[in-house]
>>> print(open('my_file37.pdb').read())   # PDB, N, CA, C and O atoms
ATOM      1  N   MET A 452      -3.159   4.998 -16.418
ATOM      2  CA  MET A 452      -2.517   3.803 -15.905
ATOM      3  C   MET A 452      -3.526   3.026 -15.053
ATOM      4  O   MET A 452      -4.221   3.597 -14.237
ATOM      5  N   GLU A 453      -3.571   1.740 -15.249
ATOM      6  CA  GLU A 453      -4.492   0.892 -14.500
ATOM      7  C   GLU A 453      -3.923   0.602 -13.109
ATOM      8  O   GLU A 453      -2.717   0.418 -12.945
ATOM      9  N   LYS A 454      -4.810   0.570 -12.126
ATOM     10  CA  LYS A 454      -4.389   0.298 -10.755
ATOM     11  C   LYS A 454      -4.271  -1.203 -10.524
ATOM     12  O   LYS A 454      -5.108  -1.977 -10.966
ATOM     13  N   THR A 455      -3.240  -1.582  -9.801
ATOM     14  CA  THR A 455      -3.041  -2.958  -9.390
ATOM     15  C   THR A 455      -3.666  -3.124  -8.010
ATOM     16  O   THR A 455      -3.352  -2.350  -7.097
ATOM     17  N   GLU A 456      -4.553  -4.087  -7.857
ATOM     18  CA  GLU A 456      -5.162  -4.333  -6.548
ATOM     19  C   GLU A 456      -4.223  -5.173  -5.698
ATOM     20  O   GLU A 456      -3.661  -6.161  -6.165
ATOM     21  N   VAL A 457      -4.050  -4.755  -4.458
ATOM     22  CA  VAL A 457      -3.213  -5.475  -3.507
ATOM     23  C   VAL A 457      -4.123  -5.948  -2.380
ATOM     24  O   VAL A 457      -4.693  -5.129  -1.657
ATOM     25  N   GLU A 458      -4.279  -7.256  -2.271
ATOM     26  CA  GLU A 458      -5.184  -7.818  -1.266
ATOM     27  C   GLU A 458      -4.435  -8.033   0.041
ATOM     28  O   GLU A 458      -3.324  -8.560   0.062
ATOM     29  N   ILE A 459      -5.065  -7.584   1.127
ATOM     30  CA  ILE A 459      -4.453  -7.727   2.446
ATOM     31  C   ILE A 459      -5.357  -8.538   3.363
ATOM     32  O   ILE A 459      -6.557  -8.630   3.145
ATOM     33  N   GLN A 460      -4.761  -9.119   4.383
ATOM     34  CA  GLN A 460      -5.491  -9.801   5.441
ATOM     35  C   GLN A 460      -5.599  -8.814   6.598
ATOM     36  O   GLN A 460      -4.668  -8.075   6.863
ATOM     37  N   GLY A 461      -6.710  -8.784   7.283
ATOM     38  CA  GLY A 461      -6.878  -7.840   8.381
ATOM     39  C   GLY A 461      -7.429  -6.520   7.885
ATOM     40  O   GLY A 461      -7.704  -6.340   6.701
ATOM     41  N   SER A 462      -7.533  -5.567   8.793
ATOM     42  CA  SER A 462      -8.182  -4.300   8.445
ATOM     43  C   SER A 462      -7.235  -3.256   7.858
ATOM     44  O   SER A 462      -7.672  -2.313   7.220
ATOM     45  N   TYR A 463      -5.915  -3.410   8.069
ATOM     46  CA  TYR A 463      -4.969  -2.446   7.513
ATOM     47  C   TYR A 463      -3.602  -3.090   7.320
ATOM     48  O   TYR A 463      -3.323  -4.180   7.812
ATOM     49  N   ILE A 464      -2.744  -2.379   6.588
ATOM     50  CA  ILE A 464      -1.347  -2.763   6.397
ATOM     51  C   ILE A 464      -0.553  -1.463   6.438
ATOM     52  O   ILE A 464      -1.058  -0.405   6.038
ATOM     53  N   THR A 465       0.668  -1.508   6.936
ATOM     54  CA  THR A 465       1.471  -0.288   6.942
ATOM     55  C   THR A 465       2.080  -0.059   5.554
ATOM     56  O   THR A 465       2.199  -0.997   4.754
ATOM     57  N   LEU A 466       2.477   1.166   5.297
ATOM     58  CA  LEU A 466       3.070   1.491   4.003
ATOM     59  C   LEU A 466       4.335   0.674   3.776
ATOM     60  O   LEU A 466       4.563   0.167   2.674
ATOM     61  N   GLY A 467       5.144   0.496   4.795
ATOM     62  CA  GLY A 467       6.358  -0.321   4.672
ATOM     63  C   GLY A 467       6.034  -1.770   4.319
ATOM     64  O   GLY A 467       6.682  -2.371   3.468
ATOM     65  N   GLN A 468       5.011  -2.339   4.964
ATOM     66  CA  GLN A 468       4.592  -3.706   4.660
ATOM     67  C   GLN A 468       4.045  -3.795   3.240
ATOM     68  O   GLN A 468       4.295  -4.771   2.535
ATOM     69  N   PHE A 469       3.308  -2.774   2.826
ATOM     70  CA  PHE A 469       2.772  -2.737   1.461
ATOM     71  C   PHE A 469       3.891  -2.772   0.431
ATOM     72  O   PHE A 469       3.821  -3.501  -0.557
ATOM     73  N   LEU A 470       4.935  -1.963   0.647
ATOM     74  CA  LEU A 470       6.045  -1.916  -0.312
ATOM     75  C   LEU A 470       6.699  -3.284  -0.466
ATOM     76  O   LEU A 470       7.050  -3.690  -1.572
ATOM     77  N   LYS A 471       6.828  -4.007   0.634
ATOM     78  CA  LYS A 471       7.429  -5.346   0.581
ATOM     79  C   LYS A 471       6.460  -6.343  -0.057
ATOM     80  O   LYS A 471       6.848  -7.134  -0.926
ATOM     81  N   LEU A 472       5.202  -6.319   0.349
ATOM     82  CA  LEU A 472       4.195  -7.234  -0.191
ATOM     83  C   LEU A 472       4.056  -7.083  -1.703
ATOM     84  O   LEU A 472       3.878  -8.057  -2.425
ATOM     85  N   SER A 473       4.179  -5.859  -2.180
ATOM     86  CA  SER A 473       4.041  -5.568  -3.614
ATOM     87  C   SER A 473       5.332  -5.799  -4.391
ATOM     88  O   SER A 473       5.395  -5.512  -5.581
ATOM     89  N   SER A 474       6.373  -6.262  -3.700
ATOM     90  CA  SER A 474       7.691  -6.519  -4.302
ATOM     91  C   SER A 474       8.347  -5.262  -4.874
ATOM     92  O   SER A 474       9.145  -5.333  -5.805
ATOM     93  N   ILE A 475       7.990  -4.118  -4.323
ATOM     94  CA  ILE A 475       8.632  -2.868  -4.724
ATOM     95  C   ILE A 475      10.005  -2.775  -4.057
ATOM     96  O   ILE A 475      10.964  -2.286  -4.635
ATOM     97  N   ILE A 476      10.076  -3.279  -2.825
ATOM     98  CA  ILE A 476      11.355  -3.407  -2.124
ATOM     99  C   ILE A 476      11.508  -4.870  -1.736
ATOM    100  O   ILE A 476      10.513  -5.605  -1.638
ATOM    101  N   SER A 477      12.744  -5.299  -1.505
ATOM    102  CA  SER A 477      12.970  -6.714  -1.209
ATOM    103  C   SER A 477      12.980  -7.045   0.280
ATOM    104  O   SER A 477      12.828  -8.199   0.659
ATOM    105  N   SER A 478      13.152  -6.024   1.133
ATOM    106  CA  SER A 478      13.117  -6.278   2.577
ATOM    107  C   SER A 478      12.525  -5.070   3.289
ATOM    108  O   SER A 478      12.565  -3.945   2.777
ATOM    109  N   GLY A 479      12.001  -5.318   4.460
ATOM    110  CA  GLY A 479      11.392  -4.242   5.241
ATOM    111  C   GLY A 479      12.362  -3.144   5.611
ATOM    112  O   GLY A 479      11.985  -1.986   5.747
ATOM    113  N   GLY A 480      13.645  -3.483   5.746
ATOM    114  CA  GLY A 480      14.660  -2.506   6.086
ATOM    115  C   GLY A 480      14.902  -1.475   4.989
ATOM    116  O   GLY A 480      15.512  -0.432   5.232
ATOM    117  N   MET A 481      14.425  -1.762   3.794
ATOM    118  CA  MET A 481      14.602  -0.837   2.672
ATOM    119  C   MET A 481      13.511   0.226   2.622
ATOM    120  O   MET A 481      13.597   1.167   1.836
ATOM    121  N   ALA A 482      12.475   0.100   3.459
ATOM    122  CA  ALA A 482      11.325   1.008   3.392
ATOM    123  C   ALA A 482      11.717   2.454   3.670
ATOM    124  O   ALA A 482      11.351   3.353   2.908
ATOM    125  N   LYS A 483      12.458   2.692   4.746
ATOM    126  CA  LYS A 483      12.804   4.068   5.109
ATOM    127  C   LYS A 483      13.636   4.754   4.021
ATOM    128  O   LYS A 483      13.292   5.858   3.587
ATOM    129  N   PRO A 484      14.743   4.127   3.544
ATOM    130  CA  PRO A 484      15.504   4.781   2.479
ATOM    131  C   PRO A 484      14.687   4.963   1.192
ATOM    132  O   PRO A 484      14.813   5.986   0.519
ATOM    133  N   PHE A 485      13.832   3.994   0.868
ATOM    134  CA  PHE A 485      12.998   4.107  -0.329
ATOM    135  C   PHE A 485      12.090   5.326  -0.223
ATOM    136  O   PHE A 485      11.980   6.119  -1.160
ATOM    137  N   LEU A 486      11.450   5.499   0.930
ATOM    138  CA  LEU A 486      10.524   6.615   1.119
ATOM    139  C   LEU A 486      11.247   7.956   1.174
ATOM    140  O   LEU A 486      10.659   8.990   0.873
ATOM    141  N   GLN A 487      12.529   7.956   1.552
ATOM    142  CA  GLN A 487      13.313   9.198   1.558
ATOM    143  C   GLN A 487      13.718   9.595   0.136
ATOM    144  O   GLN A 487      13.859  10.777  -0.158
ATOM    145  N   GLN A 488      13.881   8.606  -0.741
ATOM    146  CA  GLN A 488      14.377   8.869  -2.089
ATOM    147  C   GLN A 488      13.275   8.996  -3.133
ATOM    148  O   GLN A 488      13.470   9.644  -4.157
ATOM    149  N   MET A 489      12.137   8.356  -2.901
ATOM    150  CA  MET A 489      11.068   8.307  -3.892
ATOM    151  C   MET A 489       9.842   9.080  -3.407
ATOM    152  O   MET A 489       9.605   9.186  -2.206
ATOM    153  N   GLU A 490       9.064   9.581  -4.348
ATOM    154  CA  GLU A 490       7.788  10.201  -4.006
ATOM    155  C   GLU A 490       6.730   9.108  -3.975
ATOM    156  O   GLU A 490       6.581   8.364  -4.937
ATOM    157  N   VAL A 491       6.033   8.995  -2.857
ATOM    158  CA  VAL A 491       4.957   8.026  -2.712
ATOM    159  C   VAL A 491       3.719   8.803  -2.273
ATOM    160  O   VAL A 491       3.759   9.539  -1.285
ATOM    161  N   TYR A 492       2.643   8.647  -3.013
ATOM    162  CA  TYR A 492       1.400   9.355  -2.712
ATOM    163  C   TYR A 492       0.355   8.360  -2.223
ATOM    164  O   TYR A 492       0.126   7.327  -2.856
ATOM    165  N   VAL A 493      -0.257   8.672  -1.094
ATOM    166  CA  VAL A 493      -1.367   7.879  -0.565
ATOM    167  C   VAL A 493      -2.592   8.780  -0.646
ATOM    168  O   VAL A 493      -2.637   9.850  -0.036
ATOM    169  N   ASN A 494      -3.564   8.347  -1.431
ATOM    170  CA  ASN A 494      -4.772   9.146  -1.665
ATOM    171  C   ASN A 494      -4.409  10.572  -2.095
ATOM    172  O   ASN A 494      -4.962  11.550  -1.603
ATOM    173  N   GLU A 495      -3.450  10.654  -3.011
ATOM    174  CA  GLU A 495      -2.963  11.902  -3.627
ATOM    175  C   GLU A 495      -2.224  12.837  -2.667
ATOM    176  O   GLU A 495      -1.994  13.990  -2.992
ATOM    177  N   GLU A 496      -1.837  12.347  -1.488
ATOM    178  CA  GLU A 496      -1.035  13.149  -0.566
ATOM    179  C   GLU A 496       0.341  12.514  -0.428
ATOM    180  O   GLU A 496       0.451  11.309  -0.196
ATOM    181  N   LEU A 497       1.381  13.331  -0.547
ATOM    182  CA  LEU A 497       2.748  12.840  -0.423
ATOM    183  C   LEU A 497       2.932  12.234   0.969
ATOM    184  O   LEU A 497       2.572  12.839   1.981
ATOM    185  N   GLU A 498       3.490  11.021   1.021
ATOM    186  CA  GLU A 498       3.628  10.300   2.292
ATOM    187  C   GLU A 498       5.046   9.748   2.409
ATOM    188  O   GLU A 498       5.561   9.149   1.465
ATOM    189  N   ASP A 499       5.676   9.940   3.580
ATOM    190  CA  ASP A 499       7.023   9.408   3.777
ATOM    191  C   ASP A 499       7.157   8.586   5.067
ATOM    192  O   ASP A 499       8.250   8.223   5.464
ATOM    193  N   ARG A 500       6.031   8.283   5.696
ATOM    194  CA  ARG A 500       6.057   7.503   6.944
ATOM    195  C   ARG A 500       5.818   6.027   6.630
ATOM    196  O   ARG A 500       4.755   5.651   6.141
ATOM    197  N   ARG A 501       6.790   5.179   6.944
ATOM    198  CA  ARG A 501       6.630   3.748   6.641
ATOM    199  C   ARG A 501       5.552   3.100   7.510
ATOM    200  O   ARG A 501       5.007   2.080   7.160
ATOM    201  N   GLY A 502       5.213   3.733   8.625
ATOM    202  CA  GLY A 502       4.187   3.210   9.517
ATOM    203  C   GLY A 502       2.772   3.684   9.185
ATOM    204  O   GLY A 502       1.828   3.326   9.888
ATOM    205  N   LYS A 503       2.623   4.468   8.130
ATOM    206  CA  LYS A 503       1.302   4.963   7.727
ATOM    207  C   LYS A 503       0.389   3.767   7.469
ATOM    208  O   LYS A 503       0.718   2.860   6.715
ATOM    209  N   LYS A 504      -0.779   3.762   8.106
ATOM    210  CA  LYS A 504      -1.726   2.650   7.943
ATOM    211  C   LYS A 504      -2.542   2.836   6.667
ATOM    212  O   LYS A 504      -3.073   3.916   6.408
ATOM    213  N   LEU A 505      -2.610   1.777   5.890
ATOM    214  CA  LEU A 505      -3.387   1.763   4.652
ATOM    215  C   LEU A 505      -4.599   0.869   4.855
ATOM    216  O   LEU A 505      -4.469  -0.250   5.342
ATOM    217  N   TYR A 506      -5.758   1.359   4.449
ATOM    218  CA  TYR A 506      -7.014   0.650   4.639
ATOM    219  C   TYR A 506      -7.657   0.318   3.296
ATOM    220  O   TYR A 506      -7.261   0.856   2.253
ATOM    221  N   ASP A 507      -8.678  -0.525   3.340
ATOM    222  CA  ASP A 507      -9.421  -0.907   2.151
ATOM    223  C   ASP A 507      -9.832   0.335   1.360
ATOM    224  O   ASP A 507     -10.375   1.286   1.921
ATOM    225  N   GLY A 508      -9.530   0.330   0.081
ATOM    226  CA  GLY A 508      -9.903   1.444  -0.784
ATOM    227  C   GLY A 508      -8.850   2.526  -0.926
ATOM    228  O   GLY A 508      -8.976   3.397  -1.785
ATOM    229  N   ASP A 509      -7.800   2.503  -0.092
ATOM    230  CA  ASP A 509      -6.740   3.505  -0.218
ATOM    231  C   ASP A 509      -6.002   3.317  -1.542
ATOM    232  O   ASP A 509      -5.806   2.191  -2.006
ATOM    233  N   ASN A 510      -5.606   4.437  -2.133
ATOM    234  CA  ASN A 510      -4.879   4.426  -3.398
ATOM    235  C   ASN A 510      -3.449   4.883  -3.179
ATOM    236  O   ASN A 510      -3.219   5.887  -2.496
ATOM    237  N   ILE A 511      -2.513   4.148  -3.765
ATOM    238  CA  ILE A 511      -1.101   4.473  -3.652
ATOM    239  C   ILE A 511      -0.566   4.702  -5.058
ATOM    240  O   ILE A 511      -0.805   3.894  -5.955
ATOM    241  N   ARG A 512       0.158   5.802  -5.228
ATOM    242  CA  ARG A 512       0.763   6.102  -6.529
ATOM    243  C   ARG A 512       2.238   6.382  -6.322
ATOM    244  O   ARG A 512       2.620   7.209  -5.492
ATOM    245  N   ILE A 513       3.067   5.667  -7.086
ATOM    246  CA  ILE A 513       4.506   5.870  -7.043
ATOM    247  C   ILE A 513       4.932   6.150  -8.484
ATOM    248  O   ILE A 513       4.905   5.241  -9.324
ATOM    249  N   PRO A 514       5.268   7.409  -8.800
ATOM    250  CA  PRO A 514       5.639   7.751 -10.165
ATOM    251  C   PRO A 514       6.731   6.827 -10.717
ATOM    252  O   PRO A 514       7.671   6.469 -10.005
ATOM    253  N   ASN A 515       6.577   6.433 -11.956
ATOM    254  CA  ASN A 515       7.492   5.538 -12.678
ATOM    255  C   ASN A 515       7.490   4.105 -12.159
ATOM    256  O   ASN A 515       8.273   3.287 -12.637
ATOM    257  N   ILE A 516       6.628   3.800 -11.182
ATOM    258  CA  ILE A 516       6.515   2.424 -10.688
ATOM    259  C   ILE A 516       5.102   1.902 -10.887
ATOM    260  O   ILE A 516       4.908   0.829 -11.439
ATOM    261  N   GLY A 517       4.093   2.652 -10.438
ATOM    262  CA  GLY A 517       2.729   2.199 -10.662
ATOM    263  C   GLY A 517       1.724   2.792  -9.704
ATOM    264  O   GLY A 517       2.060   3.588  -8.823
ATOM    265  N   GLU A 518       0.478   2.373  -9.926
ATOM    266  CA  GLU A 518      -0.635   2.781  -9.065
ATOM    267  C   GLU A 518      -1.265   1.525  -8.493
ATOM    268  O   GLU A 518      -1.425   0.524  -9.184
ATOM    269  N   PHE A 519      -1.644   1.618  -7.230
ATOM    270  CA  PHE A 519      -2.136   0.461  -6.499
ATOM    271  C   PHE A 519      -3.356   0.845  -5.681
ATOM    272  O   PHE A 519      -3.508   1.993  -5.291
ATOM    273  N   GLN A 520      -4.205  -0.150  -5.410
ATOM    274  CA  GLN A 520      -5.352   0.062  -4.533
ATOM    275  C   GLN A 520      -5.412  -1.085  -3.536
ATOM    276  O   GLN A 520      -5.251  -2.250  -3.899
ATOM    277  N   ILE A 521      -5.626  -0.736  -2.267
ATOM    278  CA  ILE A 521      -5.711  -1.727  -1.193
ATOM    279  C   ILE A 521      -7.097  -2.356  -1.203
ATOM    280  O   ILE A 521      -8.112  -1.658  -1.260
ATOM    281  N   LYS A 522      -7.136  -3.675  -1.127
ATOM    282  CA  LYS A 522      -8.386  -4.436  -1.023
ATOM    283  C   LYS A 522      -8.256  -5.392   0.151
ATOM    284  O   LYS A 522      -7.287  -6.135   0.243
ATOM    285  N   THR A 523      -9.224  -5.358   1.037
ATOM    286  CA  THR A 523      -9.245  -6.273   2.172
ATOM    287  C   THR A 523      -9.951  -7.544   1.765
ATOM    288  O   THR A 523     -11.063  -7.488   1.238
ATOM    289  N   SER A 524      -9.279  -8.672   1.964
ATOM    290  CA  SER A 524      -9.949  -9.945   1.655
ATOM    291  C   SER A 524     -10.956 -10.215   2.759
ATOM    292  O   SER A 524     -10.690 -10.022   3.928
ATOM    293  N   SER A 525     -12.127 -10.646   2.356
ATOM    294  CA  SER A 525     -13.195 -10.886   3.318
ATOM    295  C   SER A 525     -13.460 -12.383   3.422
ATOM    296  O   SER A 525     -13.967 -12.993   2.500
ATOM    297  N   GLU A 526     -13.063 -12.944   4.553
ATOM    298  CA  GLU A 526     -13.325 -14.366   4.769
ATOM    299  C   GLU A 526     -14.803 -14.636   4.895
ATOM    300  O   GLU A 526     -15.283 -15.723   4.638
ATOM    301  N   LYS A 527     -15.562 -13.603   5.286
ATOM    302  CA  LYS A 527     -17.011 -13.769   5.436
ATOM    303  C   LYS A 527     -17.668 -14.096   4.104
ATOM    304  O   LYS A 527     -18.669 -14.775   4.052
ATOM    305  N   ASP A 528     -17.083 -13.591   2.997
ATOM    306  CA  ASP A 528     -17.655 -13.861   1.673
ATOM    307  C   ASP A 528     -17.575 -15.341   1.329
ATOM    308  O   ASP A 528     -18.345 -15.838   0.526
ATOM    309  N   ASN A 529     -16.635 -16.063   1.947
ATOM    310  CA  ASN A 529     -16.444 -17.465   1.626
ATOM    311  C   ASN A 529     -17.113 -18.408   2.617
ATOM    312  O   ASN A 529     -17.059 -19.616   2.457
ATOM    313  N   GLU A 530     -17.723 -17.871   3.659
ATOM    314  CA  GLU A 530     -18.347 -18.708   4.675
ATOM    315  C   GLU A 530     -19.778 -19.077   4.281
ATOM    316  O   GLU A 530     -20.472 -18.312   3.644
ATOM    317  N   CYS A 531     -20.188 -20.273   4.698
ATOM    318  CA  CYS A 531     -21.580 -20.701   4.501
ATOM    319  C   CYS A 531     -22.385 -20.265   5.715
ATOM    320  O   CYS A 531     -21.909 -20.280   6.830
ATOM    321  N   ILE A 532     -23.599 -19.887   5.465
ATOM    322  CA  ILE A 532     -24.455 -19.454   6.572
ATOM    323  C   ILE A 532     -25.273 -20.628   7.064
ATOM    324  O   ILE A 532     -25.741 -21.424   6.348
TER     325      ILE A 532
END
>>> encode(input="my_file37.pdb", output="structure tokens")
Amino acid sequence: MEKTEVEIQGSYITLGQFLKLSSIISSGGMAKPFLQQMEVYVNEELEDRRGKKLYDGDNIRIPNIGEFQIKTSSEKDNECI
């Protein structure tokens, strides 16, 4: 399965924010019940904390939903020197 890249602003995003940003859940309030009912793996480790910080390069796998990789957008790449 091909990984979907999820671009974030800043140095990290929480797992709950990731689920909403990726349209896996429709509101932030759904994060806790979703994580209680579904298996979510961060870097191949089962994770159930919605506050878990995800950083550039982290891999998220949710069986029957998909695989994702966090990418930090770099404003520096777009700046002129």
>>> residues_around(input="my_file37.pdb", residues="region 463-471 of chain A", least_positions_apart="3", cutoff="7 Å", atoms="only C-alpha atoms", output="PDB file with N, CA, C and O atoms, keeping the file's coordinate frame")
ATOM      1  N   SER A 474       6.373  -6.262  -3.700  1.00  0.00           N
ATOM      2  CA  SER A 474       7.691  -6.519  -4.302  1.00  0.00           C
ATOM      3  C   SER A 474       8.347  -5.262  -4.874  1.00  0.00           C
ATOM      4  O   SER A 474       9.145  -5.333  -5.805  1.00  0.00           O
ATOM      5  N   ILE A 475       7.990  -4.118  -4.323  1.00  0.00           N
ATOM      6  CA  ILE A 475       8.632  -2.868  -4.724  1.00  0.00           C
ATOM      7  C   ILE A 475      10.005  -2.775  -4.057  1.00  0.00           C
ATOM      8  O   ILE A 475      10.964  -2.286  -4.635  1.00  0.00           O
ATOM      9  N   ILE A 476      10.076  -3.279  -2.825  1.00  0.00           N
ATOM     10  CA  ILE A 476      11.355  -3.407  -2.124  1.00  0.00           C
ATOM     11  C   ILE A 476      11.508  -4.870  -1.736  1.00  0.00           C
ATOM     12  O   ILE A 476      10.513  -5.605  -1.638  1.00  0.00           O
ATOM     13  N   SER A 477      12.744  -5.299  -1.505  1.00  0.00           N
ATOM     14  CA  SER A 477      12.970  -6.714  -1.209  1.00  0.00           C
ATOM     15  C   SER A 477      12.980  -7.045   0.280  1.00  0.00           C
ATOM     16  O   SER A 477      12.828  -8.199   0.659  1.00  0.00           O
ATOM     17  N   SER A 478      13.152  -6.024   1.133  1.00  0.00           N
ATOM     18  CA  SER A 478      13.117  -6.278   2.577  1.00  0.00           C
ATOM     19  C   SER A 478      12.525  -5.070   3.289  1.00  0.00           C
ATOM     20  O   SER A 478      12.565  -3.945   2.777  1.00  0.00           O
ATOM     21  N   GLY A 479      12.001  -5.318   4.460  1.00  0.00           N
ATOM     22  CA  GLY A 479      11.392  -4.242   5.241  1.00  0.00           C
ATOM     23  C   GLY A 479      12.362  -3.144   5.611  1.00  0.00           C
ATOM     24  O   GLY A 479      11.985  -1.986   5.747  1.00  0.00           O
ATOM     25  N   ALA A 482      12.475   0.100   3.459  1.00  0.00           N
ATOM     26  CA  ALA A 482      11.325   1.008   3.392  1.00  0.00           C
ATOM     27  C   ALA A 482      11.717   2.454   3.670  1.00  0.00           C
ATOM     28  O   ALA A 482      11.351   3.353   2.908  1.00  0.00           O
ATOM     29  N   ARG A 501       6.790   5.179   6.944  1.00  0.00           N
ATOM     30  CA  ARG A 501       6.630   3.748   6.641  1.00  0.00           C
ATOM     31  C   ARG A 501       5.552   3.100   7.510  1.00  0.00           C
ATOM     32  O   ARG A 501       5.007   2.080   7.160  1.00  0.00           O
ATOM     33  N   GLY A 502       5.213   3.733   8.625  1.00  0.00           N
ATOM     34  CA  GLY A 502       4.187   3.210   9.517  1.00  0.00           C
ATOM     35  C   GLY A 502       2.772   3.684   9.185  1.00  0.00           C
ATOM     36  O   GLY A 502       1.828   3.326   9.888  1.00  0.00           O
ATOM     37  N   LYS A 503       2.623   4.468   8.130  1.00  0.00           N
ATOM     38  CA  LYS A 503       1.302   4.963   7.727  1.00  0.00           C
ATOM     39  C   LYS A 503       0.389   3.767   7.469  1.00  0.00           C
ATOM     40  O   LYS A 503       0.718   2.860   6.715  1.00  0.00           O
ATOM     41  N   LYS A 504      -0.779   3.762   8.106  1.00  0.00           N
ATOM     42  CA  LYS A 504      -1.726   2.650   7.943  1.00  0.00           C
ATOM     43  C   LYS A 504      -2.542   2.836   6.667  1.00  0.00           C
ATOM     44  O   LYS A 504      -3.073   3.916   6.408  1.00  0.00           O
ATOM     45  N   LEU A 505      -2.610   1.777   5.890  1.00  0.00           N
ATOM     46  CA  LEU A 505      -3.387   1.763   4.652  1.00  0.00           C
ATOM     47  C   LEU A 505      -4.599   0.869   4.855  1.00  0.00           C
ATOM     48  O   LEU A 505      -4.469  -0.250   5.342  1.00  0.00           O
ATOM     49  N   TYR A 506      -5.758   1.359   4.449  1.00  0.00           N
ATOM     50  CA  TYR A 506      -7.014   0.650   4.639  1.00  0.00           C
ATOM     51  C   TYR A 506      -7.657   0.318   3.296  1.00  0.00           C
ATOM     52  O   TYR A 506      -7.261   0.856   2.253  1.00  0.00           O
TER      53      TYR A 506
END
>>> residues_around(input="my_file37.pdb", residues="Asp507 (chain A)", least_positions_apart="6", cutoff="10 Å", atoms="only C-alpha atoms", output="ChimeraX atom specification")
/A:457-459,461-464,520-524
>>> residues_near_point(input="my_file37.pdb", point="(1.4, 7.4, -2.4)", cutoff="7 Å", atoms="all atoms listed in the file", output="list in words")
Glu490, Val491, Tyr492, Val493, Asn494, Glu495, Glu496, Leu497, Glu498, Asn510, Ile511, Arg512 and Ile513 of chain A
>>> select_by_dssp(input="my_file37.pdb", residues="chain A", states="helix (DSSP H, G or I)", output="MDAnalysis selection string")
chainID A and resid 466:472 479:488 526:529
>>> closest_residue(input="my_file37.pdb", among="A:Gly517, A:Ser525, A:Asp499, A:Lys483", to="Gln460 (chain A)", atoms="all atoms listed in the file")
A:Ser525
>>> select_by_dssp(input="my_file37.pdb", residues="chain A", states="strand (DSSP E or B)", output="list of chain:residue names")
A:Lys454, A:Thr455, A:Glu456, A:Val457, A:Glu458, A:Ile459, A:Tyr463, A:Ile464, A:Thr465, A:Tyr492, A:Val493, A:Glu496, A:Leu497, A:Lys504, A:Leu505, A:Tyr506, A:Asn510, A:Ile511, A:Arg512, A:Ile513, A:Gly517, A:Glu518, A:Phe519, A:Gln520, A:Ile521, A:Lys522, A:Thr523
>>> axis_aligned_box(input="my_file37.pdb", around="region 519-524 of chain A", padding_each_side="6 Å", output="JSON")
{"center_x": -6.4, "center_y": -4.1, "center_z": -1.7, "size_x": 21.4, "size_y": 24.2, "size_z": 23.2}
>>> atom_distance(input="my_file37.pdb", atom1="CA of Glu518 (chain A)", atom2="CA of Met489 (chain A)")
13.9 Å
>>> atom_distance(input="my_file37.pdb", atom1="atom C of Gly480 (chain A)", atom2="atom C of Phe519 (chain A)")
21.3 Å
>>> atom_distance(input="my_file37.pdb", atom1="atom C of Phe485 (chain A)", atom2="atom N of Pro514 (chain A)")
11.2 Å
